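**Student:** This is final.txt, which holds compact mmCIF, C-alpha atoms:
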# COMPACT_ATOMS: atom_id res chain seq x y z
CA ILE A 138 -56.27 87.27 10.62
CA ILE A 139 -59.87 86.68 11.61
CA ALA A 140 -59.91 89.68 13.95
CA ARG A 141 -58.64 91.86 11.12
CA LEU A 142 -61.20 90.73 8.55
CA ILE A 143 -64.48 90.62 10.51
CA SER A 144 -66.22 93.18 12.68
CA LEU A 145 -65.36 93.65 16.35
CA GLU A 146 -68.76 92.39 17.45
CA ASP A 147 -68.47 89.26 15.28
CA ASN A 148 -64.96 88.70 16.60
CA GLY A 149 -66.32 88.90 20.13
CA ILE A 150 -69.05 86.36 19.34
CA ALA A 151 -66.45 84.10 17.71
CA SER A 152 -64.29 84.21 20.83
CA THR A 153 -67.22 83.01 22.97
CA PHE A 154 -67.23 79.79 20.92
CA ALA A 155 -63.66 79.09 21.94
CA LEU A 156 -64.41 80.05 25.56
CA THR A 157 -67.34 77.65 25.84
CA MET A 158 -65.54 74.80 24.11
CA THR A 159 -62.42 75.31 26.23
CA LEU A 160 -64.44 75.20 29.45
CA ILE A 161 -66.09 71.91 28.51
CA GLU A 162 -62.77 70.38 27.44
CA MET A 163 -60.87 71.53 30.53
CA ALA A 164 -63.66 70.48 32.86
CA SER A 165 -63.81 66.93 31.46
CA ASN A 166 -60.17 66.20 30.74
CA LEU A 167 -58.97 63.03 32.47
CA ALA A 168 -55.56 63.00 30.69
CA ILE A 169 -55.86 59.47 29.32
CA ASP A 170 -52.89 60.12 27.05
CA ARG A 171 -50.70 61.02 30.04
CA LEU A 172 -51.65 57.79 31.79
CA ILE A 173 -50.55 55.86 28.70
CA VAL A 174 -47.22 57.72 28.70
CA GLN A 175 -46.53 57.23 32.41
CA ALA A 176 -47.95 53.81 33.29
CA LYS A 177 -45.61 50.81 33.25
CA ASP A 178 -48.14 48.94 31.11
CA GLY A 179 -49.04 51.99 29.03
CA ALA A 180 -48.21 50.16 25.82
CA ALA A 181 -50.70 47.36 26.57
CA PRO A 182 -53.20 47.16 23.66
CA ARG A 183 -56.21 46.62 25.97
CA LEU A 184 -55.38 49.70 28.07
CA VAL A 185 -55.14 51.86 24.95
CA ALA A 186 -58.31 50.34 23.46
CA THR A 187 -60.18 51.06 26.70
CA GLY A 188 -58.82 54.61 26.53
CA HIS A 189 -60.29 54.97 23.04
CA ALA A 190 -63.72 53.82 24.19
CA PHE A 191 -63.68 55.95 27.33
CA GLN A 192 -62.55 58.94 25.29
CA VAL A 193 -65.58 58.59 23.00
CA LEU A 194 -67.92 58.25 25.99
CA ARG A 195 -66.47 61.41 27.52
CA GLY A 196 -66.77 63.23 24.19
CA ALA A 197 -70.41 62.20 23.82
CA CYS A 198 -71.22 63.42 27.35
CA SER A 199 -69.45 66.72 26.68
CA ALA A 200 -71.40 67.12 23.44
CA VAL A 201 -74.72 66.59 25.23
CA VAL A 202 -73.81 69.13 27.92
CA LEU A 203 -72.60 71.66 25.38
CA PHE A 204 -75.77 71.29 23.31
CA ALA A 205 -77.95 71.66 26.42
CA VAL A 206 -76.27 74.91 27.51
CA ALA A 207 -76.06 76.42 24.00
CA SER A 208 -79.08 78.71 24.29
CA PRO A 209 -78.41 79.81 27.89
CA VAL A 210 -74.77 80.60 27.06
CA ALA A 211 -75.80 82.56 23.97
CA GLY A 212 -78.24 84.51 26.11
CA LEU A 213 -75.62 85.06 28.80
CA PHE A 214 -73.36 86.73 26.25
CA ASP A 215 -76.34 88.61 24.79
CA GLY A 216 -75.90 86.87 21.43
CA PRO A 217 -79.11 84.93 20.76
CA GLU A 218 -78.36 84.96 17.03
CA ALA A 219 -75.40 82.65 17.74
CA ALA A 220 -77.42 79.98 19.59
CA GLY A 221 -77.45 77.73 16.51
CA ALA A 222 -73.68 78.05 16.21
CA PHE A 223 -73.25 77.08 19.87
CA GLU A 224 -75.37 73.98 19.23
CA LEU A 225 -73.16 73.03 16.28
CA ILE A 226 -70.04 73.41 18.42
CA ALA A 227 -71.42 70.58 20.56
CA LEU A 228 -70.15 68.25 17.84
CA VAL A 229 -66.55 69.34 18.40
CA PRO A 230 -65.79 67.28 21.55
CA LEU A 231 -67.46 64.27 19.95
CA ILE A 232 -65.30 64.55 16.82
CA ARG A 233 -62.15 65.09 18.89
CA ALA A 234 -62.95 61.98 20.94
CA PHE A 235 -62.13 59.73 17.97
CA ALA A 236 -58.46 60.76 17.99
CA HIS A 237 -55.97 57.89 17.99
CA LEU A 238 -53.96 57.52 21.22
CA ASP A 239 -51.02 55.82 19.54
CA VAL A 240 -49.12 59.11 19.61
CA ALA A 241 -48.96 58.75 23.42
CA GLN A 242 -47.37 55.34 22.98
CA GLN A 243 -44.82 56.90 20.65
CA GLN A 244 -43.97 59.45 23.33
CA ARG A 245 -43.19 56.57 25.72
CA GLU A 246 -40.34 55.81 23.31
CA MET A 247 -39.22 59.46 23.27
CA ARG A 248 -40.54 59.98 19.75
CA PHE A 249 -42.42 63.26 19.38
CA GLY A 250 -42.72 63.61 15.61
CA GLY A 251 -46.32 62.42 15.57
CA ALA A 252 -47.32 64.80 18.36
CA ALA A 253 -45.66 67.66 16.48
CA TRP A 254 -47.65 66.85 13.35
CA ILE A 255 -50.91 66.72 15.33
CA ASP A 256 -50.16 70.09 16.94
CA ALA A 257 -48.75 71.98 13.96
CA GLY A 258 -50.52 70.50 10.93
CA PRO A 259 -54.11 71.53 11.75
CA GLN A 260 -52.92 74.95 12.99
CA LEU A 261 -51.14 75.61 9.71
CA LEU A 262 -54.18 74.48 7.73
CA VAL A 263 -56.63 76.80 9.52
CA THR A 264 -54.16 79.68 9.26
CA LEU A 265 -54.09 79.23 5.47
CA LEU A 266 -57.89 78.98 5.36
CA ALA A 267 -58.63 81.89 7.72
CA ALA A 268 -58.40 84.73 5.21
CA PRO A 269 -60.40 83.19 2.32
CA VAL A 270 -63.10 81.87 4.67
CA ALA A 271 -63.33 85.23 6.47
CA LEU A 272 -63.65 87.07 3.15
CA TRP A 273 -66.35 84.61 2.11
CA LEU A 274 -68.50 84.51 5.27
CA GLU A 275 -67.63 87.96 6.73
CA ASP A 276 -68.97 87.19 10.22
CA PHE A 277 -68.52 84.97 13.29
CA ARG A 278 -69.21 81.83 11.24
CA VAL A 279 -65.60 81.90 10.06
CA MET A 280 -64.49 80.86 13.56
CA LEU A 281 -67.00 78.02 13.49
CA VAL A 282 -65.54 76.72 10.23
CA CYS A 283 -61.96 77.06 11.47
CA ILE A 284 -62.72 75.20 14.70
CA PHE A 285 -64.31 72.30 12.85
CA VAL A 286 -61.49 72.13 10.29
CA GLN A 287 -58.82 72.22 13.00
CA VAL A 288 -60.43 69.53 15.18
CA THR A 289 -61.26 67.23 12.26
CA ALA A 290 -57.77 67.62 10.81
CA GLY A 291 -56.26 66.82 14.21
CA VAL A 292 -58.22 63.55 14.41
CA ILE A 293 -57.26 62.61 10.85
CA VAL A 294 -53.58 63.35 11.47
CA SER A 295 -53.65 61.31 14.71
CA HIS A 296 -54.72 58.27 12.67
CA TRP A 297 -52.25 59.08 9.89
CA VAL A 298 -49.24 59.09 12.23
CA ALA A 299 -50.45 56.04 14.19
CA GLU A 300 -48.45 52.84 13.91
CA ARG A 301 -50.93 50.53 15.67
CA PRO A 302 -54.57 49.70 14.84
CA TYR A 303 -57.43 51.70 16.34
CA ARG A 304 -59.45 49.47 18.66
CA TRP A 305 -62.10 49.75 21.39
CA ALA A 306 -62.30 47.73 24.58
CA TRP A 307 -64.14 48.02 27.90
CA ASP A 308 -62.07 46.95 30.89
CA ARG A 309 -63.45 48.05 34.27
CA GLU A 310 -60.08 47.88 36.00
CA HIS A 311 -58.49 50.13 33.38
CA LEU A 312 -61.46 52.49 33.61
CA ARG A 313 -61.02 52.79 37.37
CA ARG A 314 -57.35 53.56 36.86
CA MET A 315 -58.15 56.29 34.34
CA VAL A 316 -60.65 57.95 36.66
CA ALA A 317 -58.32 57.67 39.66
CA PHE A 318 -55.46 59.10 37.61
CA GLY A 319 -57.36 61.96 36.00
CA TRP A 320 -59.97 63.19 38.49
CA PRO A 321 -57.66 65.80 40.14
CA LEU A 322 -57.27 67.38 36.69
CA LEU A 323 -61.03 68.05 36.56
CA PHE A 324 -60.70 70.54 39.41
CA ASN A 325 -57.47 71.82 37.92
CA GLY A 326 -59.30 72.39 34.63
CA PHE A 327 -61.74 74.81 36.24
CA LEU A 328 -58.86 76.67 37.88
CA MET A 329 -56.92 76.90 34.60
CA PHE A 330 -60.01 78.16 32.79
CA ALA A 331 -60.48 80.85 35.44
CA ILE A 332 -56.83 81.88 35.16
CA PHE A 333 -56.64 82.04 31.36
CA HIS A 334 -60.23 82.81 30.35
CA GLY A 335 -62.20 84.02 33.38
CA ASP A 336 -61.46 87.66 32.66
CA LYS A 337 -62.64 87.32 29.05
CA THR A 338 -65.87 85.73 30.25
CA ILE A 339 -66.50 88.65 32.61
CA VAL A 340 -65.73 91.22 29.90
CA GLY A 341 -68.08 89.48 27.46
CA ILE A 342 -70.96 89.35 29.94
CA ALA A 343 -70.46 92.82 31.44
CA LYS A 344 -69.36 94.90 28.45
CA GLY A 345 -70.69 93.18 25.34
CA MET A 346 -69.29 91.55 22.22
CA GLU A 347 -67.53 94.60 20.74
CA ASP A 348 -65.43 95.19 23.85
CA LEU A 349 -64.78 91.46 24.10
CA GLY A 350 -63.54 91.54 20.50
CA TRP A 351 -60.98 94.22 21.42
CA TYR A 352 -60.02 92.49 24.65
CA ASN A 353 -59.67 89.02 23.13
CA THR A 354 -57.45 90.28 20.31
CA ALA A 355 -55.18 92.19 22.68
CA PHE A 356 -55.01 89.18 24.98
CA ALA A 357 -54.07 86.86 22.10
CA LEU A 358 -51.32 89.20 20.87
CA VAL A 359 -49.74 89.19 24.33
CA LEU A 360 -50.31 85.55 25.25
CA THR A 361 -49.36 83.83 21.99
CA PRO A 362 -45.60 84.60 22.18
CA SER A 363 -45.62 83.46 25.81
CA LEU A 364 -47.32 80.17 24.91
CA LEU A 365 -44.79 79.64 22.13
CA VAL A 366 -41.92 79.99 24.59
CA VAL A 367 -43.62 77.63 27.06
CA LYS A 368 -44.27 75.09 24.32
CA VAL A 369 -40.62 75.13 23.25
Here is a file; write its structure as structure tokens.
**Tutor:**
Amino acid sequence: IIARLISLEDNGIASTFALTMTLIEMASNLAIDRLIVQAKDGAAPRLVATGHAFQVLRGACSAVVLFAVASPVAGLFDGPEAAGAFELIALVPLIRAFAHLDVAQQQREMRFGGAAWIDAGPQLLVTLLAAPVALWLEDFRVMLVCIFVQVTAGVIVSHWVAERPYRWAWDREHLRRMVAFGWPLLFNGFLMFAIFHGDKTIVGIAKGMEDLGWYNTAFALVLTPSLLVVKV
């Protein structure tokens, strides 16, 4: 919808937002939710509370890094006019960090309704908003709005479906477990980014935003059905 309603160049700039945010997320993901699902004591309130606190710390660090690289990344993609937008996107990992981890505890009990709501609800909302926002803003800012709406809605829904209170704790032993469990995924995150998004990064740097707009749209049309099948 967005690709249809804004210019190719603006669509290319918009796709760089997602690229940058995805890199930061993949490169800092320690899979705390998976630890909660798999660990024998994954339902322990203090483990989950420590996960909440650690998640916010990780989100804050990601936000600082993303803000620091905003101008260089905008220059790398030859889009200095989007530097301010890249700086705003730094808030996204911080907002996402306040998500409730209770949905992981629900998955321990083979209940996936909450996870389905968190996945599908925000996606449906931004799909409904895409056309009116694109017609209103008419440039790459529409992607910025959609990203913020989707992430904020995801956090809100995670608290809405939660059955346990949201708490913070700071337990060094649990922190060590989280780092030991998740550090291999940091390397994996870089590899996955290279596999799914490395080519788009090269196209954006080498060929410019208009060609990236074409390439990103074609890539999405091909990849989306595949991701749907994998998800099912």
**Student:** Have a look at A:Val292, A:Cys198, A:Ala211, A:Leu358 and name the one nearest to A:Asn166; count only C-alpha atoms.
**Tutor:**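 The closest residue to A:Asn166 is A:Cys198.
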**Student:** The residues within 7 Å of (-55.5, 69.4, 18.2), using only C-alpha atoms and the coordinates of the file, should be reported as a PyMOL selection string; which are they?
**Tutor:** chain A and resi 255-256+259+287-288+291
**Student:** Let me make sure I understand: among A:Thr157, A:Ala236, A:Asp215, A:Val174, which one has the smallest atom-to-atom distance to A:Phe249 if we use all atoms listed in the file?
**Tutor:**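 When distances to A:Phe249 are compared using all atoms listed in the file, the smallest one comes from A:Val174.
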**Student:** Need to verify the contact set: A:Val229, 8 Å, only C-alpha atoms, exclusion of same-chain residues closer than 2 positions in sequence. Can you return it as a list in words?
**Tutor:**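 Result of the neighbour search: Met158, Ala200, Leu225, Ile226, Ala227, Leu231, Ile232, Arg233, Ile284, Phe285 and Val288 of chain A.
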**Student:** Identify which of the residues A:Ala267, A:Phe223, A:Ser295, A:Ile161 lies closest to A:Phe327, counting all atoms listed in the file when measuring atom-to-atom distances.
**Tutor:**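 Looking at the shortest contact to A:Phe327, the residue is A:Ile161.
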**Student:** Would you pick out the contacts of stretch 150-153 of chain A at 10 Å or less, using all atoms listed in the file, so that residues sharing its chain but fewer than 2 positions from it are not included, and give the list as number ranges by chain?
**Tutor:** A: 139-140, 143-148, 155-159, 210-211, 214-216, 218-219, 222-223, 276-281, 337-338, 341, 345-347, 349-350, 353-354
**Student:** Could you tell me which of A:Thr264, A:Gln243, A:Asn325, A:Gln175 comes closest to A:Leu160 if we count all atoms listed in the file?
**Tutor:**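 So, comparing all the options, the nearest one is A:Asn325.
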**Student:** Between atom CA of A:Leu364 and atom CA of A:Gly251, measure the distance and give it in Å to one decimal.
**Tutor:**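 Going from atom CA of A:Leu364 over to atom CA of A:Gly251, I get 20.1 Å.
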**Student:** Just checking: using all atoms listed in the file, which residue out of A:Glu246, A:His311, A:Val294, A:Leu328 ends up closest to A:Gly188?
**Tutor:**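 Closest candidate: A:His311.
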**Student:** What gap, in Å, lies between atom CA of A:Arg301 and atom CA of A:Pro182?
**Tutor:**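 Taking atom CA of A:Arg301 and atom CA of A:Pro182, their separation equals 9.0 Å.
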**Student:** With only C-alpha atoms as the basis for distance, which of A:Val359, A:Ala306, A:Ala207, A:Ile339 is at the shortest distance from A:Ala181?
**Tutor:**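 Ranked by minimum distance to A:Ala181, first place goes to A:Ala306.
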**Student:** If we count all atoms listed in the file and set the cut-off at 12 Å, which residues sit around A:Met315, ignoring sequence neighbours fewer than 6 positions away in its own chain? Please answer as a list in words.
**Tutor:**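 My reading of the contact set: Asn166, Leu167, Ala168, Ile169, Asp170, Arg171, Leu172, Ile173, Gln175, Ala176, Gly179, Leu184, Val185, Thr187, Gly188, His189, Ala190, Phe191, Gln192, Arg195, Asp308, Arg309, Pro321 and Leu322 of chain A.
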**Student:** Using Å and a single decimal, report how far atom CA of A:Phe356 sits from atom CA of A:Leu272.
**Tutor:**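 Going from atom CA of A:Leu272 over to atom CA of A:Phe356, I get 23.6 Å.
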**Student:** Could you write out as lines of an AutoDock Vina configuration file the box around stretch 221-231 of chain A (axis-aligned, all atoms listed in the file, 5 Å on each side), with centre and edge lengths in Å to one decimal?
**Tutor:**
center_x = -71.6
center_y = 71.2
center_z = 18.9
size_x = 21.7
size_y = 23.8
size_z = 15.3
